[in-house]
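Peer 1: Sharing input12.tsv here; it has TSV, C-alpha atoms and all ligand atoms.
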chain	number	residue	atom	x	y	z
A	1	GLU	CA	13.31	-26.31	32.01
A	2	LYS	CA	12.09	-23.42	34.11
A	3	GLY	CA	14.98	-23.52	36.57
A	4	SER	CA	14.31	-21.16	39.49
A	5	PHE	CA	11.49	-19.37	37.65
A	6	ARG	CA	7.83	-19.99	38.39
A	7	HIS	CA	6.76	-19.91	34.76
A	8	PHE	CA	8.32	-20.13	31.33
A	9	MET	CA	7.09	-16.62	30.67
A	10	GLU	CA	9.05	-15.26	33.62
A	11	LYS	CA	12.13	-17.17	32.50
A	12	GLU	CA	11.77	-15.91	28.93
A	13	VAL	CA	11.35	-12.31	30.08
A	14	HIS	CA	14.61	-12.64	32.00
A	15	GLU	CA	16.38	-14.26	29.05
A	16	GLN	CA	15.97	-11.13	26.95
A	17	PRO	CA	19.42	-9.61	27.53
A	18	GLU	CA	20.89	-12.76	25.95
A	19	SER	CA	18.26	-13.31	23.24
A	20	CYS	CA	18.56	-9.69	22.08
A	21	GLN	CA	22.33	-9.87	22.25
A	22	ARG	CA	22.35	-13.01	20.06
A	23	THR	CA	20.00	-11.40	17.56
A	24	LEU	CA	21.90	-8.11	17.41
A	25	SER	CA	25.16	-10.03	16.87
A	26	ALA	CA	23.71	-11.59	13.73
A	27	TYR	CA	23.20	-8.12	12.23
A	28	LEU	CA	25.86	-5.90	13.76
A	29	ASP	CA	29.64	-6.10	13.78
A	30	PRO	CA	30.86	-4.83	17.17
A	31	VAL	CA	34.46	-4.43	15.99
A	32	ALA	CA	33.71	-2.43	12.84
A	33	CYS	CA	30.78	-0.76	14.66
A	34	ALA	CA	28.71	-1.24	11.54
A	35	VAL	CA	25.97	-3.40	10.08
A	36	ARG	CA	27.53	-6.74	9.12
A	37	ASP	CA	28.70	-7.10	5.53
A	38	ASP	CA	26.60	-10.22	4.88
A	39	ILE	CA	23.45	-8.35	5.88
A	40	LYS	CA	24.37	-5.39	3.65
A	41	ALA	CA	25.15	-7.75	0.77
A	42	GLY	CA	21.74	-9.42	1.00
A	43	ILE	CA	19.65	-6.29	0.41
A	44	ASP	CA	19.92	-2.87	-1.17
A	45	PHE	CA	17.45	-0.57	0.57
A	46	SER	CA	18.35	2.26	-1.81
A	47	GLN	CA	16.46	0.35	-4.51
A	48	ILE	CA	13.38	-0.10	-2.36
A	49	VAL	CA	10.54	2.38	-2.68
A	50	ARG	CA	8.28	1.16	0.09
A	51	ILE	CA	8.09	-1.57	2.73
A	52	GLN	CA	4.92	-3.52	3.40
A	53	ILE	CA	5.08	-5.28	6.76
A	54	ILE	CA	2.57	-8.08	7.34
A	55	ALA	CA	2.16	-9.91	10.63
A	56	CYS	CA	-0.30	-10.94	13.33
A	57	GLY	CA	-0.60	-10.16	17.03
A	58	THR	CA	2.60	-9.30	18.82
A	59	ALA	CA	4.63	-9.55	15.60
A	60	PHE	CA	2.32	-6.89	14.12
A	61	TYR	CA	3.20	-4.57	17.01
A	62	ALA	CA	6.93	-5.20	16.46
A	63	GLY	CA	6.40	-4.22	12.82
A	64	SER	CA	4.40	-1.15	13.86
A	65	ILE	CA	7.26	0.02	16.09
A	66	ALA	CA	9.82	-0.59	13.31
A	67	ARG	CA	7.74	1.59	11.00
A	68	TYR	CA	8.47	4.70	13.07
A	69	ALA	CA	12.20	4.04	12.86
A	70	PHE	CA	12.29	3.14	9.13
A	71	GLU	CA	10.45	6.33	8.24
A	72	LYS	CA	12.34	8.61	10.61
A	73	LEU	CA	15.90	7.36	10.11
A	74	ALA	CA	15.84	5.81	6.63
A	75	GLY	CA	13.18	8.03	5.02
A	76	LEU	CA	11.55	4.85	3.79
A	77	PRO	CA	7.74	4.72	3.63
A	78	VAL	CA	6.35	1.74	5.53
A	79	ASP	CA	2.88	0.27	5.67
A	80	VAL	CA	2.07	-2.23	8.40
A	81	GLU	CA	-1.03	-4.36	8.33
A	82	VAL	CA	-2.43	-7.39	10.09
A	83	ALA	CA	-2.13	-10.27	7.66
A	84	SER	CA	-5.77	-11.36	7.95
A	85	GLU	CA	-6.90	-7.99	6.56
A	86	PHE	CA	-4.12	-7.56	4.02
A	87	ARG	CA	-4.67	-10.94	2.38
A	88	TYR	CA	-8.38	-10.44	1.71
A	89	ARG	CA	-8.66	-6.80	0.73
A	90	THR	CA	-6.89	-6.62	-2.66
A	91	PRO	CA	-4.27	-4.04	-1.63
A	92	ALA	CA	-2.86	-1.68	-4.25
A	93	ILE	CA	0.85	-2.28	-4.55
A	94	THR	CA	3.49	0.36	-5.29
A	95	PRO	CA	6.17	-1.00	-7.66
A	96	GLY	CA	9.45	-1.43	-5.79
A	97	THR	CA	7.75	-2.55	-2.57
A	98	LEU	CA	9.55	-5.02	-0.33
A	99	ALA	CA	7.10	-7.26	1.54
A	100	VAL	CA	8.33	-8.22	5.01
A	101	ALA	CA	6.53	-10.94	6.96
A	102	VAL	CA	7.27	-10.89	10.70
A	103	SER	CA	6.56	-14.12	12.56
A	104	GLN	CA	8.00	-16.00	15.50
A	105	SER	CA	6.83	-19.41	14.25
A	106	GLY	CA	7.09	-18.73	10.52
A	107	GLU	CA	3.90	-20.79	10.15
A	108	THR	CA	1.01	-18.44	11.01
A	109	ALA	CA	-1.63	-19.16	8.35
A	110	ASP	CA	-2.66	-15.58	7.57
A	111	THR	CA	0.89	-14.24	7.45
A	112	LEU	CA	2.00	-17.09	5.21
A	113	ALA	CA	-0.94	-16.57	2.85
A	114	ALA	CA	-0.18	-12.84	2.67
A	115	LEU	CA	3.50	-13.55	1.95
A	116	ARG	CA	2.55	-15.98	-0.83
A	117	TRP	CA	0.19	-13.42	-2.35
A	118	CYS	CA	2.99	-10.83	-2.38
A	119	LYS	CA	5.28	-13.30	-4.14
A	120	GLU	CA	2.61	-14.00	-6.75
A	121	GLN	CA	2.40	-10.26	-7.40
A	122	GLY	CA	6.12	-10.31	-8.18
A	123	MET	CA	7.13	-8.44	-5.06
A	124	HIS	CA	10.51	-8.98	-3.44
A	125	THR	CA	9.86	-10.72	-0.12
A	126	ALA	CA	11.62	-11.15	3.20
A	127	ALA	CA	10.70	-12.96	6.41
A	128	VAL	CA	11.80	-12.06	9.94
A	129	VAL	CA	11.40	-15.42	11.65
A	130	ASN	CA	12.51	-17.13	14.83
A	131	VAL	CA	12.08	-20.67	13.49
A	132	HIS	CA	14.71	-20.73	10.76
A	133	SER	CA	13.45	-23.94	9.15
A	134	SER	CA	9.85	-22.68	8.94
A	135	THR	CA	7.72	-22.40	5.81
A	136	MET	CA	8.07	-18.60	5.69
A	137	ALA	CA	11.84	-18.90	6.07
A	138	ARG	CA	11.91	-21.25	3.07
A	139	GLU	CA	9.49	-19.37	0.86
A	140	ALA	CA	10.61	-15.76	1.28
A	141	ASP	CA	13.36	-14.49	-1.03
A	142	LEU	CA	15.30	-13.35	2.01
A	143	MET	CA	15.35	-14.78	5.54
A	144	TRP	CA	16.17	-12.41	8.37
A	145	PRO	CA	16.53	-14.55	11.49
A	146	THR	CA	15.78	-13.70	15.08
A	147	HIS	CA	17.70	-15.68	17.70
A	148	ALA	CA	15.29	-15.74	20.61
A	149	GLY	CA	15.65	-19.51	20.96
A	150	PRO	CA	12.56	-21.67	21.53
A	151	GLU	CA	9.73	-19.72	23.12
A	152	ILE	CA	7.55	-21.94	25.33
A	153	GLY	CA	5.22	-19.40	26.96
A	154	VAL	CA	2.21	-18.84	24.72
A	155	ALA	CA	2.41	-15.08	25.28
A	156	SER	CA	5.29	-13.81	23.20
A	157	THR	CA	8.04	-11.92	25.05
A	158	LYS	CA	11.60	-12.68	24.01
A	159	ALA	CA	10.51	-13.31	20.41
A	160	PHE	CA	9.05	-9.78	20.34
A	161	THR	CA	12.23	-8.06	21.54
A	162	ALA	CA	14.28	-10.24	19.17
A	163	GLN	CA	12.05	-9.01	16.32
A	164	LEU	CA	12.66	-5.43	17.45
A	165	SER	CA	16.41	-6.09	17.63
A	166	ALA	CA	16.49	-7.43	14.06
A	167	LEU	CA	14.21	-4.75	12.64
A	168	LEU	CA	16.04	-1.84	14.29
A	169	SER	CA	19.34	-3.24	12.99
A	170	LEU	CA	17.81	-3.32	9.50
A	171	VAL	CA	16.73	0.30	9.96
A	172	VAL	CA	20.39	1.24	10.44
A	173	CYS	CA	21.28	-0.75	7.32
A	174	ALA	CA	18.54	1.01	5.35
A	175	ALA	CA	19.46	4.47	6.62
A	176	ARG	CA	23.09	3.95	5.58
A	177	GLN	CA	22.32	2.44	2.17
A	178	ARG	CA	19.91	5.30	1.46
A	179	SER	CA	22.61	7.83	2.47
A	180	ARG	CA	20.45	9.21	5.28
A	181	ILE	CA	23.28	8.72	7.77
A	182	THR	CA	27.08	8.87	7.60
A	183	ALA	CA	29.40	6.01	8.55
A	184	HIS	CA	29.99	7.89	11.79
A	185	GLU	CA	26.26	8.04	12.56
A	186	GLU	CA	25.95	4.36	11.65
A	187	ALA	CA	28.67	3.58	14.20
A	188	HIS	CA	26.83	5.58	16.83
A	189	LEU	CA	23.49	3.82	16.22
A	190	VAL	CA	25.20	0.42	16.21
A	191	GLN	CA	26.74	1.26	19.57
A	192	VAL	CA	23.38	2.35	20.92
A	193	LEU	CA	21.80	-0.92	19.77
A	194	LEU	CA	24.63	-3.01	21.19
A	195	GLY	CA	24.06	-1.26	24.51
A	196	ALA	CA	20.42	-2.40	24.60
A	197	PRO	CA	21.00	-5.85	26.20
A	198	GLY	CA	22.70	-4.18	29.20
A	199	LEU	CA	19.80	-1.75	29.60
A	200	ILE	CA	17.26	-4.57	29.25
A	201	ALA	CA	19.11	-6.32	32.09
A	202	GLU	CA	18.91	-3.10	34.14
A	203	ALA	CA	15.20	-2.84	33.40
A	204	MET	CA	14.65	-6.19	35.17
A	205	ALA	CA	15.29	-4.31	38.43
A	206	MET	CA	11.91	-2.60	37.88
A	207	ASP	CA	10.37	-5.88	39.04
A	208	ALA	CA	10.22	-4.71	42.68
A	209	GLU	CA	8.40	-1.46	41.91
A	210	ILE	CA	6.07	-3.24	39.52
A	211	THR	CA	4.98	-5.83	42.07
A	212	ARG	CA	3.85	-2.94	44.28
A	213	VAL	CA	1.13	-1.99	41.79
A	214	THR	CA	0.08	-5.31	40.31
A	215	TYR	CA	-2.12	-6.47	43.20
A	216	ASP	CA	-4.36	-3.44	42.60
A	217	LEU	CA	-4.21	-3.98	38.88
A	218	SER	CA	-5.34	-7.59	39.27
A	219	LYS	CA	-8.61	-6.30	40.78
A	220	ALA	CA	-9.43	-4.10	37.79
A	221	ARG	CA	-11.99	-5.04	35.20
A	222	ASP	CA	-10.63	-2.70	32.53
A	223	VAL	CA	-7.20	-1.14	32.02
A	224	ILE	CA	-6.16	1.53	29.53
A	225	TYR	CA	-2.63	1.81	28.10
A	226	LEU	CA	-1.39	5.08	26.60
A	227	GLY	CA	1.73	5.95	24.61
A	228	ARG	CA	2.88	8.35	21.91
A	229	GLY	CA	5.16	7.81	18.94
A	230	ASP	CA	6.66	4.33	18.96
A	231	MET	CA	5.37	3.93	22.52
A	232	TYR	CA	1.86	3.82	21.02
A	233	PRO	CA	2.29	0.37	19.43
A	234	LEU	CA	4.08	-0.66	22.62
A	235	ALA	CA	0.97	0.41	24.55
A	236	LEU	CA	-1.07	-1.85	22.24
A	237	GLU	CA	1.35	-4.70	22.94
A	238	GLY	CA	1.09	-4.03	26.69
A	239	ALA	CA	-2.70	-4.22	26.50
A	240	LEU	CA	-2.52	-7.45	24.49
A	241	LYS	CA	-0.12	-9.05	27.00
A	242	LEU	CA	-2.43	-8.17	29.90
A	243	LYS	CA	-5.56	-9.46	28.13
A	244	GLU	CA	-3.90	-12.69	27.07
A	245	ILE	CA	-2.57	-13.85	30.40
A	246	SER	CA	-4.74	-12.15	33.05
A	247	TYR	CA	-8.05	-12.04	31.11
A	248	ILE	CA	-8.45	-8.43	32.21
A	249	HIS	CA	-9.93	-6.27	29.49
A	250	ALA	CA	-7.29	-3.81	28.31
A	251	GLU	CA	-7.13	-1.29	25.47
A	252	GLY	CA	-4.20	0.64	24.13
A	253	TYR	CA	-4.64	4.12	22.68
A	254	ALA	CA	-2.42	6.78	21.20
A	255	ALA	CA	-2.23	9.26	24.09
A	256	GLY	CA	-3.36	12.05	21.79
A	257	GLU	CA	-6.57	10.15	21.09
A	258	LEU	CA	-7.62	10.24	24.73
A	259	LYS	CA	-9.81	13.30	24.29
A	260	HIS	CA	-11.44	11.86	21.21
A	261	GLY	CA	-13.41	9.25	23.11
A	262	PRO	CA	-11.62	6.99	25.57
A	263	ILE	CA	-11.46	9.68	28.26
A	264	ALA	CA	-15.14	8.91	28.84
A	265	LEU	CA	-14.06	5.58	30.32
A	266	ILE	CA	-11.86	7.14	33.00
A	267	ASP	CA	-12.99	6.69	36.59
A	268	GLU	CA	-11.40	5.45	39.81
A	269	ASN	CA	-11.95	1.83	38.76
A	270	THR	CA	-10.13	2.01	35.44
A	271	PRO	CA	-6.35	2.17	35.89
A	272	VAL	CA	-4.36	3.87	33.14
A	273	VAL	CA	-0.84	2.70	32.32
A	274	VAL	CA	1.17	5.47	30.69
A	275	ILE	CA	4.44	4.68	28.90
A	276	ALA	CA	6.41	7.91	28.80
A	277	PRO	CA	10.16	7.92	28.24
A	278	ASP	CA	11.89	11.29	28.33
A	279	ASP	CA	11.66	12.05	24.62
A	280	ALA	CA	10.36	14.89	22.45
A	281	LEU	CA	6.79	13.91	23.31
A	282	PHE	CA	7.16	13.60	27.09
A	283	GLU	CA	5.48	16.90	28.02
A	284	LYS	CA	2.45	16.05	25.90
A	285	THR	CA	2.05	12.65	27.51
A	286	ALA	CA	2.52	14.18	30.97
A	287	SER	CA	-0.37	16.52	30.28
A	288	ASN	CA	-2.51	13.47	29.45
A	289	VAL	CA	-1.62	12.14	32.90
A	290	GLN	CA	-2.98	15.32	34.44
A	291	GLU	CA	-6.18	14.98	32.45
A	292	VAL	CA	-6.67	11.45	33.70
A	293	ALA	CA	-5.82	12.31	37.33
A	294	ALA	CA	-8.18	15.30	37.25
A	295	ARG	CA	-11.00	12.87	36.46
A	296	GLY	CA	-10.21	10.60	39.37
A	297	GLY	CA	-8.34	8.04	37.29
A	298	ARG	CA	-5.54	5.96	38.77
A	299	VAL	CA	-2.32	6.25	36.80
A	300	ILE	CA	0.68	3.96	36.62
A	301	MET	CA	3.36	5.92	34.81
A	302	ILE	CA	6.46	4.22	33.45
A	303	THR	CA	9.22	6.75	32.83
A	304	ASN	CA	12.92	7.42	33.32
A	305	VAL	CA	12.26	10.97	34.56
A	306	PRO	CA	10.07	10.66	37.67
A	307	GLU	CA	11.20	14.16	38.69
A	308	LYS	CA	9.51	15.58	35.60
A	309	VAL	CA	6.14	13.99	36.31
A	310	PRO	CA	3.71	16.79	37.13
A	311	ALA	CA	3.17	17.10	40.88
A	312	LEU	CA	-0.48	16.40	41.44
A	313	SER	CA	-2.16	17.81	44.47
A	314	GLY	CA	-4.36	16.01	47.00
A	315	ASP	CA	-6.13	12.82	46.05
A	316	ALA	CA	-4.96	13.04	42.46
A	317	GLY	CA	-1.36	12.79	43.68
A	318	LYS	CA	-2.12	9.68	45.72
A	319	SER	CA	-3.56	7.90	42.72
A	320	LEU	CA	-0.37	8.33	40.70
A	321	LYS	CA	2.24	5.56	40.87
A	322	VAL	CA	5.52	6.10	39.07
A	323	ILE	CA	7.72	3.21	37.99
A	324	THR	CA	11.25	4.32	37.17
A	325	ALA	CA	12.85	2.97	34.00
A	326	PRO	CA	16.54	3.17	33.10
A	327	SER	CA	17.44	6.11	30.84
A	328	CYS	CA	18.28	5.22	27.27
A	329	ASP	CA	18.57	6.60	23.76
A	330	ALA	CA	15.11	7.04	22.20
A	331	PHE	CA	16.11	4.65	19.38
A	332	ILE	CA	16.14	1.66	21.73
A	333	ALA	CA	13.37	2.78	24.11
A	334	PRO	CA	10.93	0.21	22.65
A	335	LEU	CA	13.36	-2.56	23.67
A	336	VAL	CA	13.91	-1.23	27.19
A	337	TYR	CA	10.23	-0.40	27.88
A	338	SER	CA	9.12	-3.84	26.68
A	339	VAL	CA	10.41	-5.22	29.98
A	340	PRO	CA	8.12	-3.27	32.35
A	341	ILE	CA	5.02	-3.90	30.25
A	342	GLN	CA	5.77	-7.64	30.20
A	343	LEU	CA	6.44	-7.72	33.95
A	344	LEU	CA	3.28	-5.73	34.63
A	345	ALA	CA	1.17	-8.29	32.77
A	346	TYR	CA	3.05	-11.21	34.31
A	347	HIS	CA	2.71	-10.18	37.96
A	348	THR	CA	-0.92	-9.14	37.49
A	349	ALA	CA	-1.71	-12.59	36.10
A	350	VAL	CA	0.18	-14.27	38.94
A	351	HIS	CA	-1.97	-12.33	41.46
A	352	LYS	CA	-5.09	-13.42	39.64
A	353	GLY	CA	-3.90	-17.01	39.55
A	354	THR	CA	-4.45	-17.57	35.84
A	355	ASP	CA	-2.46	-20.09	33.83
A	356	VAL	CA	0.31	-17.78	32.65
A	357	ASP	CA	2.09	-20.17	30.28
A	358	GLN	CA	-1.04	-21.75	28.80
A	359	PRO	CA	-3.78	-19.08	28.76
A	360	ARG	CA	-7.26	-20.36	27.98
A	361	ASN	CA	-8.32	-20.52	24.33
A	362	LEU	CA	-4.89	-19.59	22.98
A	363	ALA	CA	-2.51	-21.63	20.82
A	364	LYS	CA	1.18	-20.90	20.41
A	365	SER	CA	1.05	-21.16	16.67
A	366	VAL	CA	-2.09	-20.26	14.70
A	367	THR	CA	-1.75	-22.42	11.61
A	368	VAL	CA	-5.44	-22.38	10.73
A	369	GLU	CA	-7.52	-19.25	10.15
A	401	LIG	C1	0.88	-12.75	21.57
A	401	LIG	C2	1.15	-13.83	20.63
A	401	LIG	C3	0.42	-13.82	19.32
A	401	LIG	C4	1.44	-14.05	18.19
A	401	LIG	C5	0.71	-14.18	16.85
A	401	LIG	C6	1.68	-14.33	15.70
A	401	LIG	O1	1.57	-12.91	22.77
A	401	LIG	O2	1.94	-14.69	20.90
A	401	LIG	O3	-0.25	-12.63	19.13
A	401	LIG	O4	2.33	-12.99	18.17
A	401	LIG	O5	-0.14	-15.29	16.89
A	401	LIG	O6	2.46	-15.48	15.81
A	401	LIG	P1	3.75	-15.64	14.93
A	401	LIG	O7	4.72	-14.59	15.37
A	401	LIG	O8	4.25	-17.03	15.21
A	401	LIG	O9	3.37	-15.45	13.50
Rewrite the coordinates I just gave you, this time as structure tokens.
Peer 2:
Amino acid sequence: EKGSFRHFMEKEVHEQPESCQRTLSAYLDPVACAVRDDIKAGIDFSQIVRIQIIACGTAFYAGSIARYAFEKLAGLPVDVEVASEFRYRTPAITPGTLAVAVSQSGETADTLAALRWCKEQGMHTAAVVNVHSSTMAREADLMWPTHAGPEIGVASTKAFTAQLSALLSLVVCAARQRSRITAHEEAHLVQVLLGAPGLIAEAMAMDAEITRVTYDLSKARDVIYLGRGDMYPLALEGALKLKEISYIHAEGYAAGELKHGPIALIDENTPVVVIAPDDALFEKTASNVQEVAARGGRVIMITNVPEKVPALSGDAGKSLKVITAPSCDAFIAPLVYSVPIQLLAYHTAVHKGTDVDQPRNLAKSVTVE
């Protein structure tokens, strides 16, 4: 039941402190401040040469975010590919590759076919799934559960952050098993992850600021999302969420790609959503904001450091709206910044009056190609 919420999507967005908490608890031991022994016993990442993540849609973006963390913290090469391409292109496989399917339903036809192909090639396989009795859960060598609970809204929200919670926990496991971090550093990262549900709850307070920009956004025909580093796949996810439920055309780009083409689209009618936490790349993203503003573009900037946003003079300053996010460790920023991008899509769709929980043409589970 929806309770006091207008839509299942809104309810599921607000459930994320609990759904992430439940998922993190399945991987992390809060007393030992370490990855749980049963998770460590199930896999030895020191024996793995490469990870191949296969998924569709939102799950693909969760995998794309995890890639940054696996490579940075565990020194483990990761490829991420949409299952519909992977399964038909005869990929070359590195021996020692672990194939990881990421899927809320565990039934998506392309992801399942790709997982089966990997098994046939003799690869070790794992499935990050929310439905624990699903076909992927049964067929993969290893089942890594998410605990989002049933997701009713067609647009994935809490399943996505549960996937991130599981995958980032596995990154800590991999980093430790590959001796990239000490037990002390493991404890620190586990603490950071266990702090995420509280910060996700704090991020819900952004709702008020977000509703101040979504009426304007609902009038747009096209919207551009920009991010750098692991905020790049989050920008893609933000664009997908907006497209799915509001039917507004949206594209996500790596902020550094702006100059290589998409900047030609910038005008006063094309709002640009910039996801820019205060990390090593902040200054670079901020300079992209200036480039957009200088061309008359309207910018919605989501950041925890509004004071660092370049002061823009005159009309350019008026077209910049800053939405303030809670500060957090860069490791969990994808979890915290998921909230504003979901709320942005949600409130925009509500203004447009579209069917948020049952968007046209979409099915919750895509079991045919
Ligand atoms: C987006 C969305 C879809 C699914 C995709 C994969 O909001 O819900 O893009 O993420 O169809 O579904 P699963 O995760 O069930 O394999």
Peer 1: Of the candidates A:Thr161, A:Gln121, A:Thr348, A:Gln21, which shows the shortest atom-to-atom distance to A:Gly198, using only C-alpha atoms?
Peer 2: A:Gln21
Peer 1: Which is closer to ligand LIG 401 (chain A) than all the others in A:Leu199, A:Cys56, A:Leu320, A:Leu217, using only C-alpha atoms and all ligand atoms?
Peer 2: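 Looking only at the distances to ligand LIG 401 (chain A), the closest residue turns out to be A:Cys56.
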Peer 1: Can you work out the spacing between atom CA of A:His147 and atom CA of A:Asp278 in Å, to one decimal?
Peer 2: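 Computing the Euclidean distance for atom CA of A:His147 and atom CA of A:Asp278 yields 29.6 Å.
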Peer 1: Using all atoms listed in the file, find each residue of stretch 174-243 of chain A with at least one atom at most 12 Å away from an atom of stretch 3-19 of chain A; report its shortest atom-to-atom pair and that distance in Å (one decimal), sort the rows by chain and rising residue number, and return the result as JSON lines.
Peer 2:
{"residue": "A:Leu193", "atom": "CA", "partner": "A:Pro17", "partner_atom": "CA", "distance": 11.9}
{"residue": "A:Leu194", "atom": "CA", "partner": "A:Pro17", "partner_atom": "CA", "distance": 10.5}
{"residue": "A:Gly195", "atom": "CA", "partner": "A:Pro17", "partner_atom": "CA", "distance": 10.0}
{"residue": "A:Ala196", "atom": "CA", "partner": "A:Pro17", "partner_atom": "CA", "distance": 7.8}
{"residue": "A:Pro197", "atom": "CA", "partner": "A:Pro17", "partner_atom": "CA", "distance": 4.3}
{"residue": "A:Gly198", "atom": "CA", "partner": "A:Pro17", "partner_atom": "CA", "distance": 6.6}
{"residue": "A:Leu199", "atom": "CA", "partner": "A:Pro17", "partner_atom": "CA", "distance": 8.1}
{"residue": "A:Ile200", "atom": "CA", "partner": "A:Pro17", "partner_atom": "CA", "distance": 5.7}
{"residue": "A:Ala201", "atom": "CA", "partner": "A:Pro17", "partner_atom": "CA", "distance": 5.6}
{"residue": "A:Glu202", "atom": "CA", "partner": "A:Pro17", "partner_atom": "CA", "distance": 9.3}
{"residue": "A:Ala203", "atom": "CA", "partner": "A:Pro17", "partner_atom": "CA", "distance": 9.9}
{"residue": "A:Met204", "atom": "CA", "partner": "A:His14", "partner_atom": "CA", "distance": 7.2}
{"residue": "A:Ala205", "atom": "CA", "partner": "A:His14", "partner_atom": "CA", "distance": 10.5}
{"residue": "A:Met206", "atom": "CA", "partner": "A:His14", "partner_atom": "CA", "distance": 11.9}
{"residue": "A:Asp207", "atom": "CA", "partner": "A:His14", "partner_atom": "CA", "distance": 10.6}
{"residue": "A:Lys241", "atom": "CA", "partner": "A:Met9", "partner_atom": "CA", "distance": 11.1}
Peer 1: For A:His124, list every protein, DNA or RNA residue within 9 Å, evaluated using all atoms listed in the file, and leave out those in the same chain fewer than 3 positions away; present the list as a list in words.
Peer 2: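 The contact residues come out as Gly96, Thr97, Leu98, Ala99, Val100, Cys118, Lys119, Ala140, Asp141 and Leu142 of chain A.
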Peer 1: Which residues of chain A have any atom within 7 Å of an atom in ligand LIG 401 (chain A) when counting all atoms listed in the file, and what is the closest pair of atoms for each, with the distance in Å to one decimal? Order the rows by chain and rising number and write it as CSV.
Peer 2:
residue,atom,partner,partner_atom,distance
A:Ala55,CA,A:LIG401,O9,6.4
A:Cys56,CA,A:LIG401,C6,4.6
A:Gly57,CA,A:LIG401,O3,3.3
A:Thr58,CA,A:LIG401,O4,3.8
A:Ala59,CA,A:LIG401,O4,4.9
A:Val102,CA,A:LIG401,O7,6.5
A:Ser103,CA,A:LIG401,O7,3.4
A:Gln104,CA,A:LIG401,O7,3.6
A:Ser105,CA,A:LIG401,O8,3.6
A:Gly106,CA,A:LIG401,O8,5.7
A:Glu107,CA,A:LIG401,O8,6.3
A:Thr108,CA,A:LIG401,O9,4.6
A:Thr111,CA,A:LIG401,O9,6.6
A:Val154,CA,A:LIG401,O2,5.6
A:Ala155,CA,A:LIG401,O1,3.4
A:Ser156,CA,A:LIG401,O1,3.9
A:Thr157,CA,A:LIG401,O1,6.9
A:Leu240,CA,A:LIG401,C1,6.9
A:Lys241,CA,A:LIG401,O1,6.0
A:Glu244,CA,A:LIG401,O1,7.0
A:Lys364,CA,A:LIG401,O2,6.3
A:Ser365,CA,A:LIG401,O8,5.4
A:Val366,CA,A:LIG401,O5,5.8
Peer 1: So that I can check the surroundings of stretch 36-44 of chain A, please list as a list of chain:residue names every protein, DNA and RNA residue that reaches within 9 Å of it, counting all atoms listed in the file and ignoring chain neighbours fewer than 5 positions away.
Peer 2: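 After dropping sequence-adjacent residues, the list is A:Ser25, A:Ala26, A:Tyr27, A:Leu28, A:Asp29, A:Pro30, A:Leu142, A:Trp144, A:Leu170, A:Cys173, A:Ala174, A:Gln177, A:Arg178.
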Peer 1: Give as a list of chain:residue names the set of residues within 10 Å of the point (12.9, 3.7, 10.3), where distances use the file's coordinates and only C-alpha atoms.
Peer 2: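 The answer, in the requested form, is A:Ile65, A:Ala66, A:Arg67, A:Tyr68, A:Ala69, A:Phe70, A:Glu71, A:Lys72, A:Leu73, A:Ala74, A:Gly75, A:Leu76, A:Pro77, A:Val78, A:Leu167, A:Leu168, A:Ser169, A:Leu170, A:Val171, A:Val172, A:Cys173, A:Ala174, A:Ala175, A:Phe331.
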Peer 1: Can you work out the spacing between atom CA of A:Val289 and atom CA of A:Val192 in Å, to one decimal?
Peer 2: 29.4 Å
Peer 1: Taking all atoms listed in the file into account, which of A:Ala83, A:Ala250, A:Ala363, A:Cys33 comes nearest A:His184?
Peer 2: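 So, comparing all the options, the nearest one is A:Cys33.
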Peer 1: For A:Gly252, which of A:Tyr61, A:Glu1, A:Thr211, A:Lys352 is the closest residue, counting only C-alpha atoms?
Peer 2: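 When distances to A:Gly252 are compared using only C-alpha atoms, the smallest one comes from A:Tyr61.
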Peer 1: If you measure from atom CA of A:Tyr232 to atom CA of A:Gly256, what distance in Å do you get, rounded to one decimal?
Peer 2: 9.8 Å
Peer 1: For a quick check of understanding, using all atoms listed in the file, which of A:Glu283, A:Glu185, A:Glu291, A:Asp230 has the smallest distance to A:Lys259?
Peer 2: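 Result for the nearest residue to A:Lys259: A:Glu291.
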Peer 1: Determine the nearest neighbour of A:Lys158 from the options A:Ser287, A:Thr146, A:Gln52, A:Ser327, counting only C-alpha atoms.
Peer 2: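 For A:Lys158, the nearest of the candidates is A:Thr146.
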Peer 1: So which residues touch A:Pro271 within 6 Å, counting all atoms listed in the file, skipping near sequence neighbours fewer than 2 positions away, as a ChimeraX atom specification?
Peer 2: /A:223,298-299
Peer 1: Which residues come within 10 Å of A:Glu139, counting only C-alpha atoms, excluding same-chain residues fewer than 2 positions away, as an MDAnalysis selection string?
Peer 2: chainID A and resid 106 112 115:116 119 125:127 134:137 141:143
Peer 1: Could you give me, as an MDAnalysis selection string, the residues that sit within 12 Å of (4.6, 5.9, 41.8) in the file's coordinates, counting all atoms listed in the file?
Peer 2: chainID A and resid 206 209:213 273:274 298:307 309:312 316:325
